[in-house]
$ cat run-v1.cif   # mmCIF, C-alpha atoms and all ligand atoms
data_input
loop_
_atom_site.label_atom_id
_atom_site.label_comp_id
_atom_site.auth_asym_id
_atom_site.auth_seq_id
_atom_site.Cartn_x
_atom_site.Cartn_y
_atom_site.Cartn_z
CA MET A 1 0.00 0.00 0.00
CA GLN A 2 1.31 3.47 -0.88
CA GLN A 3 1.91 5.73 2.10
CA ASN A 4 -0.60 8.32 0.86
CA ASN A 5 -3.31 5.66 0.70
CA GLN A 6 -3.41 5.90 4.49
CA THR A 7 -5.89 8.42 5.84
CA GLU A 8 -7.97 9.24 8.87
CA VAL A 9 -11.37 9.67 7.20
CA LEU A 10 -12.17 7.97 3.92
CA ILE A 11 -15.30 9.29 2.19
CA ALA A 12 -17.03 7.01 -0.35
CA GLY A 13 -18.62 9.12 -3.10
CA ALA A 14 -17.78 12.60 -4.42
CA GLY A 15 -21.32 13.84 -5.06
CA ILE A 16 -22.56 16.87 -3.14
CA ALA A 17 -22.86 14.85 0.10
CA GLY A 18 -19.28 13.54 0.08
CA ALA A 19 -17.90 16.88 -1.16
CA SER A 20 -19.62 18.94 1.57
CA ALA A 21 -18.52 16.51 4.30
CA ALA A 22 -14.93 16.67 2.99
CA TYR A 23 -15.07 20.47 2.99
CA PHE A 24 -16.10 20.75 6.64
CA LEU A 25 -13.93 17.84 7.90
CA SER A 26 -10.71 18.64 6.07
CA PRO A 27 -9.58 21.58 8.27
CA HIS A 28 -9.50 19.16 11.21
CA CYS A 29 -8.29 15.78 9.92
CA ARG A 30 -6.77 13.93 6.98
CA VAL A 31 -9.48 13.17 4.41
CA THR A 32 -9.49 11.09 1.24
CA ILE A 33 -12.53 10.95 -1.08
CA LEU A 34 -12.91 7.95 -3.37
CA GLU A 35 -15.19 8.32 -6.39
CA ARG A 36 -15.99 5.41 -8.68
CA GLU A 37 -16.59 7.57 -11.79
CA ASP A 38 -13.88 9.49 -13.61
CA GLN A 39 -15.55 12.78 -12.63
CA PRO A 40 -17.34 13.82 -9.44
CA GLY A 41 -20.98 14.83 -9.90
CA TYR A 42 -21.68 12.32 -12.69
CA HIS A 43 -24.71 10.83 -10.90
CA THR A 44 -27.56 12.58 -9.04
CA THR A 45 -25.62 15.74 -8.16
CA GLY A 46 -25.17 16.60 -11.83
CA ARG A 47 -28.82 15.91 -12.68
CA SER A 48 -30.88 18.12 -10.35
CA ALA A 49 -33.35 20.94 -10.96
CA ALA A 50 -31.09 23.21 -8.87
CA LEU A 51 -33.75 24.83 -6.69
CA PHE A 52 -33.40 26.13 -3.12
CA ALA A 53 -36.83 26.25 -1.44
CA GLU A 54 -37.27 26.58 2.31
CA SER A 55 -40.88 25.45 1.93
CA TYR A 56 -39.89 22.04 0.48
CA GLY A 57 -39.84 18.75 2.40
CA ASN A 58 -40.63 17.82 6.01
CA ALA A 59 -39.77 19.86 9.13
CA THR A 60 -36.20 18.52 9.43
CA VAL A 61 -35.51 19.08 5.72
CA ARG A 62 -36.79 22.64 6.04
CA ALA A 63 -34.66 23.30 9.12
CA LEU A 64 -31.56 21.95 7.29
CA THR A 65 -32.40 24.16 4.31
CA ARG A 66 -32.76 27.27 6.48
CA ALA A 67 -29.50 26.37 8.23
CA SER A 68 -27.79 26.22 4.81
CA ARG A 69 -29.00 29.60 3.61
CA ALA A 70 -26.32 31.83 5.18
CA PHE A 71 -23.51 29.70 3.72
CA LEU A 72 -25.12 29.67 0.27
CA GLU A 73 -25.79 33.42 0.36
CA SER A 74 -22.33 34.38 1.63
CA PRO A 75 -19.84 31.54 1.19
CA PRO A 76 -16.30 32.13 2.49
CA ALA A 77 -14.02 34.34 0.36
CA GLY A 78 -12.65 32.48 -2.66
CA PHE A 79 -15.27 29.71 -2.49
CA ALA A 80 -16.89 30.68 -5.81
CA THR A 81 -16.43 33.47 -8.34
CA ASN A 82 -20.17 34.15 -8.83
CA PRO A 83 -23.10 34.06 -6.37
CA ILE A 84 -24.31 30.52 -5.60
CA LEU A 85 -27.94 31.65 -5.23
CA SER A 86 -29.98 33.82 -7.58
CA PRO A 87 -33.64 34.87 -7.42
CA ARG A 88 -36.22 32.48 -8.86
CA GLY A 89 -39.43 31.97 -6.81
CA HIS A 90 -41.54 28.82 -6.50
CA LEU A 91 -45.12 29.06 -7.75
CA VAL A 92 -47.75 26.37 -7.12
CA PHE A 93 -50.66 26.65 -9.56
CA GLY A 94 -54.04 24.89 -9.56
CA ARG A 95 -57.44 24.51 -11.17
CA ALA A 96 -60.72 25.75 -9.64
CA ASP A 97 -61.39 22.29 -8.16
CA GLN A 98 -58.01 22.34 -6.37
CA GLY A 99 -58.86 25.25 -4.06
CA ALA A 100 -58.68 23.18 -0.87
CA ALA A 101 -55.27 21.77 -1.83
CA LEU A 102 -53.97 25.27 -2.58
CA ASP A 103 -55.31 26.61 0.73
CA ALA A 104 -53.48 23.83 2.56
CA ILE A 105 -50.26 24.55 0.62
CA ALA A 106 -50.53 28.30 1.37
CA GLU A 107 -50.97 27.60 5.08
CA ASP A 108 -48.13 25.08 5.12
CA PHE A 109 -45.72 27.40 3.25
CA ALA A 110 -46.62 30.40 5.44
CA ALA A 111 -45.82 28.36 8.57
CA THR A 112 -42.20 28.05 7.37
CA GLY A 113 -41.71 31.81 7.62
CA ALA A 114 -40.95 31.96 3.87
CA ARG A 115 -42.21 34.99 1.92
CA VAL A 116 -45.50 33.53 0.69
CA GLN A 117 -48.35 35.13 -1.30
CA ALA A 118 -51.74 33.73 -2.33
CA LEU A 119 -52.33 34.75 -5.96
CA SER A 120 -55.40 35.19 -8.15
CA GLY A 121 -55.51 33.37 -11.49
CA SER A 122 -54.77 36.54 -13.44
CA ARG A 123 -51.68 37.24 -11.30
CA VAL A 124 -50.50 33.64 -11.76
CA ARG A 125 -50.78 34.04 -15.54
CA GLU A 126 -49.03 37.41 -15.42
CA LEU A 127 -46.08 35.70 -13.71
CA VAL A 128 -46.14 32.65 -16.02
CA PRO A 129 -47.99 33.62 -19.21
CA ALA A 130 -47.58 30.11 -20.66
CA LEU A 131 -50.16 28.66 -18.24
CA ARG A 132 -53.66 27.95 -19.56
CA GLU A 133 -56.44 29.76 -17.72
CA GLU A 134 -58.24 26.62 -16.52
CA HIS A 135 -55.02 25.25 -14.99
CA ALA A 136 -54.09 28.53 -13.34
CA HIS A 137 -57.24 29.44 -11.47
CA ARG A 138 -55.22 30.36 -8.37
CA GLY A 139 -51.70 30.07 -7.05
CA VAL A 140 -49.31 30.26 -4.11
CA LEU A 141 -45.92 31.92 -4.54
CA ASP A 142 -42.89 31.34 -2.31
CA GLU A 143 -40.84 34.36 -3.36
CA SER A 144 -37.81 33.33 -1.32
CA ALA A 145 -37.00 30.27 -3.48
CA GLN A 146 -33.71 30.62 -5.38
CA ASP A 147 -31.77 28.97 -8.19
CA ILE A 148 -28.60 27.21 -7.03
CA ASP A 149 -25.43 27.17 -9.13
CA VAL A 150 -24.86 23.47 -8.38
CA HIS A 151 -21.58 23.21 -10.28
CA ALA A 152 -20.11 26.20 -8.43
CA LEU A 153 -21.28 24.84 -5.06
CA HIS A 154 -20.03 21.29 -5.66
CA HIS A 155 -16.67 22.42 -7.01
CA GLY A 156 -16.36 25.06 -4.28
CA PHE A 157 -16.62 22.26 -1.70
CA LEU A 158 -14.10 20.07 -3.55
CA ARG A 159 -11.63 22.91 -4.17
CA GLY A 160 -11.86 24.03 -0.55
CA ALA A 161 -11.31 20.48 0.70
CA ARG A 162 -8.26 20.07 -1.55
CA ALA A 163 -6.87 23.40 -0.29
CA ASN A 164 -7.14 21.95 3.23
CA GLY A 165 -5.09 18.92 2.14
CA ALA A 166 -7.89 16.49 1.25
CA ARG A 167 -7.25 14.08 -1.61
CA LEU A 168 -9.83 13.20 -4.28
CA VAL A 169 -9.23 9.94 -6.14
CA THR A 170 -11.52 9.35 -9.14
CA SER A 171 -12.04 6.05 -11.01
CA ALA A 172 -11.74 4.41 -7.58
CA GLU A 173 -14.62 2.04 -6.88
CA ILE A 174 -14.77 0.61 -3.38
CA ARG A 175 -15.32 -3.13 -3.78
CA ALA A 176 -14.94 -4.42 -0.22
CA ALA A 177 -13.70 -3.32 3.18
CA GLN A 178 -12.68 -5.16 6.34
CA PHE A 179 -12.30 -3.62 9.77
CA SER A 180 -9.71 -5.02 12.16
CA ASN A 181 -7.40 -3.66 14.86
CA GLY A 182 -9.09 -0.28 14.68
CA ARG A 183 -8.49 0.27 10.93
CA TRP A 184 -10.36 -0.26 7.67
CA ARG A 185 -8.59 -2.08 4.83
CA ILE A 186 -10.43 -0.90 1.74
CA GLU A 187 -10.12 -2.68 -1.58
CA THR A 188 -10.77 -0.47 -4.59
CA SER A 189 -10.28 -0.46 -8.35
CA ALA A 190 -7.44 2.04 -7.69
CA GLY A 191 -5.60 -0.08 -5.11
CA GLU A 192 -5.85 -0.62 -1.39
CA PHE A 193 -6.59 2.14 1.13
CA ASP A 194 -6.37 2.25 4.91
CA ALA A 195 -8.50 4.48 7.12
CA ALA A 196 -9.70 4.88 10.69
CA LEU A 197 -13.24 5.91 9.67
CA LEU A 198 -15.32 5.19 6.57
CA VAL A 199 -18.01 7.73 5.59
CA ASN A 200 -20.66 6.24 3.33
CA ALA A 201 -21.83 9.03 0.97
CA ALA A 202 -22.48 6.72 -1.98
CA GLY A 203 -25.94 8.10 -2.89
CA ALA A 204 -28.16 5.40 -4.39
CA TRP A 205 -25.46 2.82 -3.58
CA VAL A 206 -25.22 3.37 0.20
CA ASP A 207 -26.85 0.04 1.05
CA GLU A 208 -24.73 -1.86 -1.49
CA LEU A 209 -21.61 -0.28 -0.04
CA ALA A 210 -22.72 -1.08 3.52
CA ARG A 211 -23.10 -4.76 2.58
CA ALA A 212 -19.63 -4.73 1.00
CA CYS A 213 -18.28 -3.38 4.32
CA GLY A 214 -20.14 -5.86 6.52
CA ALA A 215 -22.68 -3.28 7.81
CA ALA A 216 -26.47 -3.70 7.75
CA PRO A 217 -28.42 -1.68 5.14
CA ILE A 218 -30.73 1.20 6.16
CA GLY A 219 -33.40 0.53 3.52
CA ILE A 220 -32.46 3.15 0.93
CA GLU A 221 -34.98 3.47 -1.89
CA PRO A 222 -33.67 5.08 -5.11
CA LEU A 223 -36.51 6.69 -7.09
CA ARG A 224 -35.96 7.73 -10.70
CA ARG A 225 -36.92 11.25 -11.76
CA THR A 226 -36.95 12.48 -15.38
CA ALA A 227 -36.16 15.94 -16.73
CA ILE A 228 -35.93 17.58 -20.14
CA VAL A 229 -34.82 20.90 -21.59
CA PHE A 230 -36.89 22.08 -24.54
CA GLU A 231 -37.20 24.93 -27.02
CA CYS A 232 -40.57 26.28 -27.95
CA GLY A 233 -41.84 28.75 -30.51
CA ARG A 234 -43.56 31.51 -28.62
CA PHE A 235 -41.68 31.78 -25.36
CA SER A 236 -38.08 30.71 -26.18
CA GLY A 237 -35.20 32.83 -27.36
CA GLY A 238 -33.52 33.94 -24.18
CA SER A 239 -35.63 37.06 -23.91
CA ALA A 240 -35.74 38.87 -20.59
CA SER A 241 -39.50 38.36 -20.67
CA THR A 242 -39.20 34.70 -19.65
CA SER A 243 -35.95 34.50 -17.68
CA HIS A 244 -37.55 35.90 -14.52
CA TRP A 245 -40.47 33.42 -14.42
CA PRO A 246 -40.61 31.44 -11.19
CA LEU A 247 -40.39 27.66 -11.17
CA ALA A 248 -44.03 26.63 -11.67
CA ILE A 249 -45.40 23.40 -10.23
CA ASP A 250 -48.95 22.08 -10.27
CA ALA A 251 -50.84 21.56 -7.00
CA THR A 252 -50.64 17.77 -7.19
CA GLU A 253 -46.89 17.76 -8.02
CA THR A 254 -47.15 16.00 -11.37
CA LEU A 255 -45.45 18.69 -13.47
CA TYR A 256 -42.95 21.48 -12.99
CA PHE A 257 -41.03 23.78 -15.33
CA ARG A 258 -38.79 26.83 -15.23
CA PRO A 259 -36.76 28.96 -17.65
CA GLU A 260 -33.29 27.62 -18.45
CA ALA A 261 -31.01 29.95 -20.45
CA GLY A 262 -33.52 30.82 -23.18
CA ARG A 263 -35.11 27.38 -23.05
CA PHE A 264 -37.20 25.59 -20.40
CA LEU A 265 -36.43 22.77 -18.00
CA ALA A 266 -39.39 20.53 -17.11
CA SER A 267 -40.08 17.36 -15.13
CA PRO A 268 -43.12 15.12 -14.58
CA ALA A 269 -41.97 14.84 -10.93
CA ASP A 270 -41.94 11.05 -11.34
CA GLU A 271 -40.78 8.68 -8.60
CA THR A 272 -40.17 5.27 -10.14
CA PRO A 273 -38.38 2.71 -7.93
CA SER A 274 -35.05 1.70 -9.47
CA PRO A 275 -32.00 -0.31 -8.52
CA PRO A 276 -28.91 1.89 -8.09
CA CYS A 277 -27.62 2.50 -11.64
CA ASP A 278 -26.71 5.09 -14.24
CA ALA A 279 -30.36 6.17 -14.59
CA GLN A 280 -31.65 6.87 -18.08
CA PRO A 281 -34.88 8.63 -19.09
CA ASP A 282 -37.71 6.32 -20.08
CA GLU A 283 -39.48 7.34 -23.34
CA PHE A 284 -42.86 6.79 -21.71
CA ASP A 285 -42.02 9.28 -18.91
CA VAL A 286 -40.82 11.85 -21.46
CA ALA A 287 -44.05 11.40 -23.48
CA THR A 288 -46.14 11.75 -20.30
CA LEU A 289 -44.29 14.96 -19.47
CA VAL A 290 -44.91 16.44 -22.93
CA GLU A 291 -48.59 15.51 -22.69
CA ARG A 292 -48.90 17.22 -19.29
CA LEU A 293 -47.08 20.32 -20.55
CA GLN A 294 -49.41 20.54 -23.53
CA ALA A 295 -52.50 20.16 -21.32
CA ALA A 296 -51.46 22.82 -18.77
CA THR A 297 -49.63 25.37 -20.96
CA HIS A 298 -49.53 27.12 -24.35
CA PHE A 299 -45.95 25.96 -24.95
CA ASP A 300 -45.41 25.08 -28.58
CA ILE A 301 -42.63 22.53 -28.02
CA ARG A 302 -40.30 22.55 -31.06
CA ARG A 303 -37.38 20.47 -29.87
CA ILE A 304 -36.23 18.59 -26.79
CA THR A 305 -32.58 19.61 -26.58
CA SER A 306 -31.65 17.29 -23.71
CA LYS A 307 -33.27 14.71 -21.48
CA TRP A 308 -31.99 12.84 -18.48
CA ALA A 309 -32.98 10.97 -15.34
CA GLY A 310 -31.47 10.82 -11.88
CA LEU A 311 -32.03 8.79 -8.74
CA ARG A 312 -33.44 10.57 -5.69
CA SER A 313 -32.69 8.23 -2.80
CA PHE A 314 -34.86 8.20 0.33
CA VAL A 315 -35.13 6.25 3.57
CA ALA A 316 -38.58 5.38 4.96
CA ASP A 317 -39.27 8.72 6.72
CA ARG A 318 -37.79 10.84 3.88
CA THR A 319 -35.45 12.59 6.34
CA LEU A 320 -31.72 12.69 5.62
CA VAL A 321 -29.32 10.43 7.52
CA ALA A 322 -26.09 11.45 9.29
CA GLY A 323 -24.56 9.38 12.07
CA PHE A 324 -22.54 6.36 13.09
CA ASP A 325 -23.75 2.90 12.25
CA VAL A 326 -25.61 1.14 15.04
CA ARG A 327 -23.15 -1.78 15.26
CA GLN A 328 -19.98 -0.60 13.51
CA ALA A 329 -18.71 2.54 15.26
CA ALA A 330 -16.13 3.26 12.53
CA PHE A 331 -18.78 3.36 9.80
CA PHE A 332 -20.60 6.68 9.29
CA TRP A 333 -23.76 7.16 7.20
CA LEU A 334 -24.39 10.28 5.10
CA ALA A 335 -27.40 9.26 3.08
CA GLY A 336 -31.04 9.74 2.09
CA GLN A 337 -30.54 13.17 0.43
CA GLY A 338 -33.69 12.53 -1.63
CA GLY A 339 -34.85 15.57 -3.60
CA TYR A 340 -33.12 18.13 -1.36
CA GLY A 341 -29.47 17.09 -1.16
CA ILE A 342 -28.17 20.23 -2.87
CA GLN A 343 -30.10 22.80 -0.86
CA THR A 344 -29.26 21.08 2.45
CA SER A 345 -25.61 20.31 1.64
CA PRO A 346 -23.91 23.02 3.74
CA ALA A 347 -25.90 22.08 6.86
CA MET A 348 -25.41 18.35 6.26
CA GLY A 349 -21.66 18.85 5.76
CA MET A 350 -21.50 20.79 9.04
CA ALA A 351 -23.61 18.20 10.87
CA ALA A 352 -21.46 15.33 9.57
CA ALA A 353 -18.24 17.08 10.61
CA ALA A 354 -19.60 17.85 14.11
CA LEU A 355 -20.67 14.25 14.60
CA VAL A 356 -17.45 12.71 13.26
CA LEU A 357 -15.27 15.05 15.32
CA ARG A 358 -17.59 14.63 18.32
CA ARG A 359 -18.02 18.38 18.61
CA GLU A 360 -21.03 20.45 19.56
CA MET A 361 -23.70 21.03 16.99
CA PRO A 362 -22.82 24.20 15.01
CA ALA A 363 -24.89 27.28 15.92
CA ALA A 364 -26.21 27.56 12.34
CA LEU A 365 -28.01 24.24 12.83
CA ARG A 366 -28.95 24.63 16.48
CA ASP A 367 -30.54 28.05 15.83
CA GLU A 368 -32.81 26.53 13.18
CA GLY A 369 -33.87 23.69 15.43
CA VAL A 370 -32.02 20.87 13.63
CA SER A 371 -31.92 17.88 15.91
CA LEU A 372 -29.05 15.45 15.34
CA ALA A 373 -31.35 12.74 16.74
CA ALA A 374 -33.68 13.26 13.75
CA LEU A 375 -30.75 12.41 11.43
CA ASP A 376 -29.49 9.44 13.44
CA PRO A 377 -29.48 6.11 11.55
CA ARG A 378 -30.56 4.34 14.76
CA ARG A 379 -34.13 5.50 14.05
CA LEU A 380 -34.15 3.17 11.03
CA VAL A 381 -33.42 -0.15 12.76
C1 LIG A 401 -34.41 15.44 -11.51
C2 LIG A 401 -33.88 15.79 -10.14
C3 LIG A 401 -34.16 17.05 -9.61
C4 LIG A 401 -33.63 17.42 -8.36
N1 LIG A 401 -33.84 18.69 -7.93
C5 LIG A 401 -33.25 19.12 -6.77
C6 LIG A 401 -33.39 20.46 -6.35
O1 LIG A 401 -34.02 21.28 -7.04
N2 LIG A 401 -32.79 20.84 -5.17
C7 LIG A 401 -32.07 19.95 -4.41
O2 LIG A 401 -31.56 20.33 -3.35
N3 LIG A 401 -31.94 18.65 -4.79
C8 LIG A 401 -32.50 18.22 -5.96
N4 LIG A 401 -32.37 16.92 -6.35
C9 LIG A 401 -31.71 15.97 -5.44
C10 LIG A 401 -30.19 16.10 -5.40
O3 LIG A 401 -29.69 16.10 -6.72
C11 LIG A 401 -29.65 14.88 -4.59
O4 LIG A 401 -30.23 14.88 -3.29
C12 LIG A 401 -28.13 14.95 -4.42
O5 LIG A 401 -27.47 15.22 -5.63
C13 LIG A 401 -27.60 13.63 -3.84
O6 LIG A 401 -26.20 13.74 -3.71
P1 LIG A 401 -25.30 12.51 -3.27
O7 LIG A 401 -23.91 13.02 -3.13
O8 LIG A 401 -25.94 11.85 -2.11
O9 LIG A 401 -25.42 11.45 -4.47
P2 LIG A 401 -24.62 11.34 -5.86
O10 LIG A 401 -24.49 12.65 -6.52
O11 LIG A 401 -25.29 10.27 -6.65
O12 LIG A 401 -23.17 10.91 -5.40
C14 LIG A 401 -22.88 9.63 -4.94
C15 LIG A 401 -21.55 9.21 -5.54
O13 LIG A 401 -21.09 8.00 -4.93
C16 LIG A 401 -20.35 7.31 -5.91
N5 LIG A 401 -20.26 5.90 -5.51
C17 LIG A 401 -21.26 5.00 -5.36
N6 LIG A 401 -20.77 3.79 -4.99
C18 LIG A 401 -19.44 3.94 -4.89
C19 LIG A 401 -18.39 3.05 -4.56
N7 LIG A 401 -18.61 1.75 -4.25
N8 LIG A 401 -17.10 3.51 -4.57
C20 LIG A 401 -16.84 4.81 -4.87
N9 LIG A 401 -17.81 5.70 -5.22
C21 LIG A 401 -19.09 5.27 -5.22
C22 LIG A 401 -21.17 7.50 -7.17
O14 LIG A 401 -20.41 7.27 -8.35
C23 LIG A 401 -21.65 8.94 -7.03
O15 LIG A 401 -20.82 9.85 -7.74
C24 LIG A 401 -32.85 16.50 -7.61
C25 LIG A 401 -32.58 15.24 -8.14
C26 LIG A 401 -33.07 14.89 -9.40
C27 LIG A 401 -32.73 13.55 -9.97
#

$ encode --input "run-v1.cif" --output "structure tokens"
Amino acid sequence: MQQNNQTEVLIAGAGIAGASAAYFLSPHCRVTILEREDQPGYHTTGRSAALFAESYGNATVRALTRASRAFLESPPAGFATNPILSPRGHLVFGRADQGAALDAIAEDFAATGARVQALSGSRVRELVPALREEHAHRGVLDESAQDIDVHALHHGFLRGARANGARLVTSAEIRAAQFSNGRWRIETSAGEFDAALLVNAAGAWVDELARACGAAPIGIEPLRRTAIVFECGRFSGGSASTSHWPLAIDATETLYFRPEAGRFLASPADETPSPPCDAQPDEFDVATLVERLQAATHFDIRRITSKWAGLRSFVADRTLVAGFDVRQAAFFWLAGQGGYGIQTSPAMGMAAAALVLRREMPAALRDEGVSLAALDPRRLV
């Protein structure tokens, strides 16, 4: 084994979860990140809709999102050249028969403290002129939702970790690991590694990796979600008149879309169970999406310029997981990022570092009411 293959903390997976943990751990200990692909961010992290919404997810997810906001708004000097967040807004629209659902959404959003407005149909259509009148009878707008520059955030974490001495090894798939005499011996496609602690940030593969390391799985469920970018006749062209539209989502969460550099990004918000894999879009899901877009909007779709799918991986209660394994104290879980792993990544990185280093919970999390117990994998056994 090469000398530099010895480390204190070995992180499996260089998606946003592994990168943020490396960023917050690396000032305090020796960190190595192993990534199976030849580039970090190839899987779910590179396939998101890039939205930051404090009104999204359950109470713990919302608290983690609020606790991430200050970092995302004002990252440390040199972290990124451009702002990570930029204004977007999150608009839920509905038909006349969906009034009760919209009332419930308005109440739920308002309880988060986000800047929320109930909108008339005409105001909804002023904000998103592509919506058909019958589908946009009323709406609820969370003005505080933002776009996230995911690439800048992910690479800011990785660059910062490297500056602190962390090592990123790509094309390094962990195949098996044994723990003895207080150390892990980790067999990978890039040779053998040795570490005191193994952090499992392998996204959809966390349970597979746990089995390969002799730990019990936590019941991760990867769910495939499809997205496309399309050009359309009337509203495309990069004009300023569409770039400020909020992300628009229907009240039953079966369709969302937003402007994307002169085009539009859209998703049918599908959740199809899948084994961990390099997810690909299913033609049926793309056709369903186009049908829903045509029913709810006046978009004249000319061309789908790209389409993709990614795996959003959840545990049973849809709350993220950070903590030591129940039986193997040198095995740490950082999992279940679901559909909010980007917007919660600063808080999750801080939480993981505090737990690994056995330090107090950072004030940013404590002040927002994040309970480390809510993240603890012990709740899942
Ligand atoms: C369509 C879509 C829209 C989304 N929209 C949003 C959004 O608007 N806002 C938001 O916050 N989130 C969103 N998400 C969710 C977000 O993208 C995920 O929560 C997040 O990217 C998960 O990050 P991760 O690091 O856990 O997983 P990944 O990015 O998948 O990283 C895990 C890494 O582990 C590596 N790995 C696995 N096994 C091994 C092994 N044995 N050895 C070495 N490496 C291994 C993999 O190669 C992979 O690179 C969306 C997701 C999708 C698919």

$ atom_distance --input "run-v1.cif" --atom1 "CA of Phe157 in chain A" --atom2 "atom C27 of ligand LIG 401 (chain A)"
20.1 Å

$ atom_distance --input "run-v1.cif" --atom1 "atom C23 of ligand LIG 401 (chain A)" --atom2 "CA of Thr44 in chain A"
7.2 Å

$ residues_around --input "run-v1.cif" --residues "range 91-107 of chain A" --least-positions-apart "3" --cutoff "7 Å" --atoms "only C-alpha atoms" --output "list in words"
Ala110, Ala111, Ala118, Glu134, His135, Ala136, His137, Arg138, Gly139, Val140, Leu141, Asp142, Pro246, Leu247, Ala248, Ile249, Asp250 and Ala251 of chain A

$ closest_residue --input "run-v1.cif" --among "A:Gly233, A:Gly113, A:Pro40, A:Pro281" --to "ligand LIG 401 (chain A)" --atoms "only C-alpha atoms and all ligand atoms"
A:Pro40

$ residues_around --input "run-v1.cif" --residues "range 296-311 of chain A" --least-positions-apart "6" --cutoff "8 Å" --atoms "only C-alpha atoms" --output "PyMOL selection string"
chain A and resi 43-44+47-48+130-132+135+204+222-235+274+276+278-281

$ closest_residue --input "run-v1.cif" --among "A:Gly341, A:Ile33, A:Ala152, A:Thr242" --to "ligand LIG 401 (chain A)" --atoms "only C-alpha atoms and all ligand atoms"
A:Gly341

$ residues_around --input "run-v1.cif" --residues "Pro87 in chain A" --least-positions-apart "2" --cutoff "8 Å" --atoms "all atoms listed in the file" --output "VMD selection string"
chain A and resid 85 89 144 to 147

$ atom_distance --input "run-v1.cif" --atom1 "CA of Ala216 in chain A" --atom2 "CA of Arg185 in chain A"
18.2 Å

$ axis_aligned_box --input "run-v1.cif" --around "ligand LIG 401 (chain A)" --padding-each-side "3 Å" --output "lines of an AutoDock Vina configuration file"
center_x = -25.6
center_y = 11.5
center_z = -6.8
size_x = 23.6
size_y = 25.5
size_z = 15.4

$ residues_around --input "run-v1.cif" --residues "Leu64 in chain A" --least-positions-apart "2" --cutoff "7 Å" --atoms "only C-alpha atoms" --output "list in words"
Thr60, Val61, Arg62, Arg66, Ala67, Ser68, Thr344, Ala347, Leu365 and Val370 of chain A

$ residues_around --input "run-v1.cif" --residues "Gln337 in chain A" --least-positions-apart "5" --cutoff "7 Å" --atoms "all atoms listed in the file" --output "PDB file with C-alpha atoms, in the frame of the given file"
ATOM      1  CA  SER A 313     -32.690   8.230  -2.800  1.00  0.00           C
ATOM      2  CA  PHE A 314     -34.860   8.200   0.330  1.00  0.00           C
ATOM      3  CA  LEU A 320     -31.720  12.690   5.620  1.00  0.00           C
TER       4      LEU A 320
END
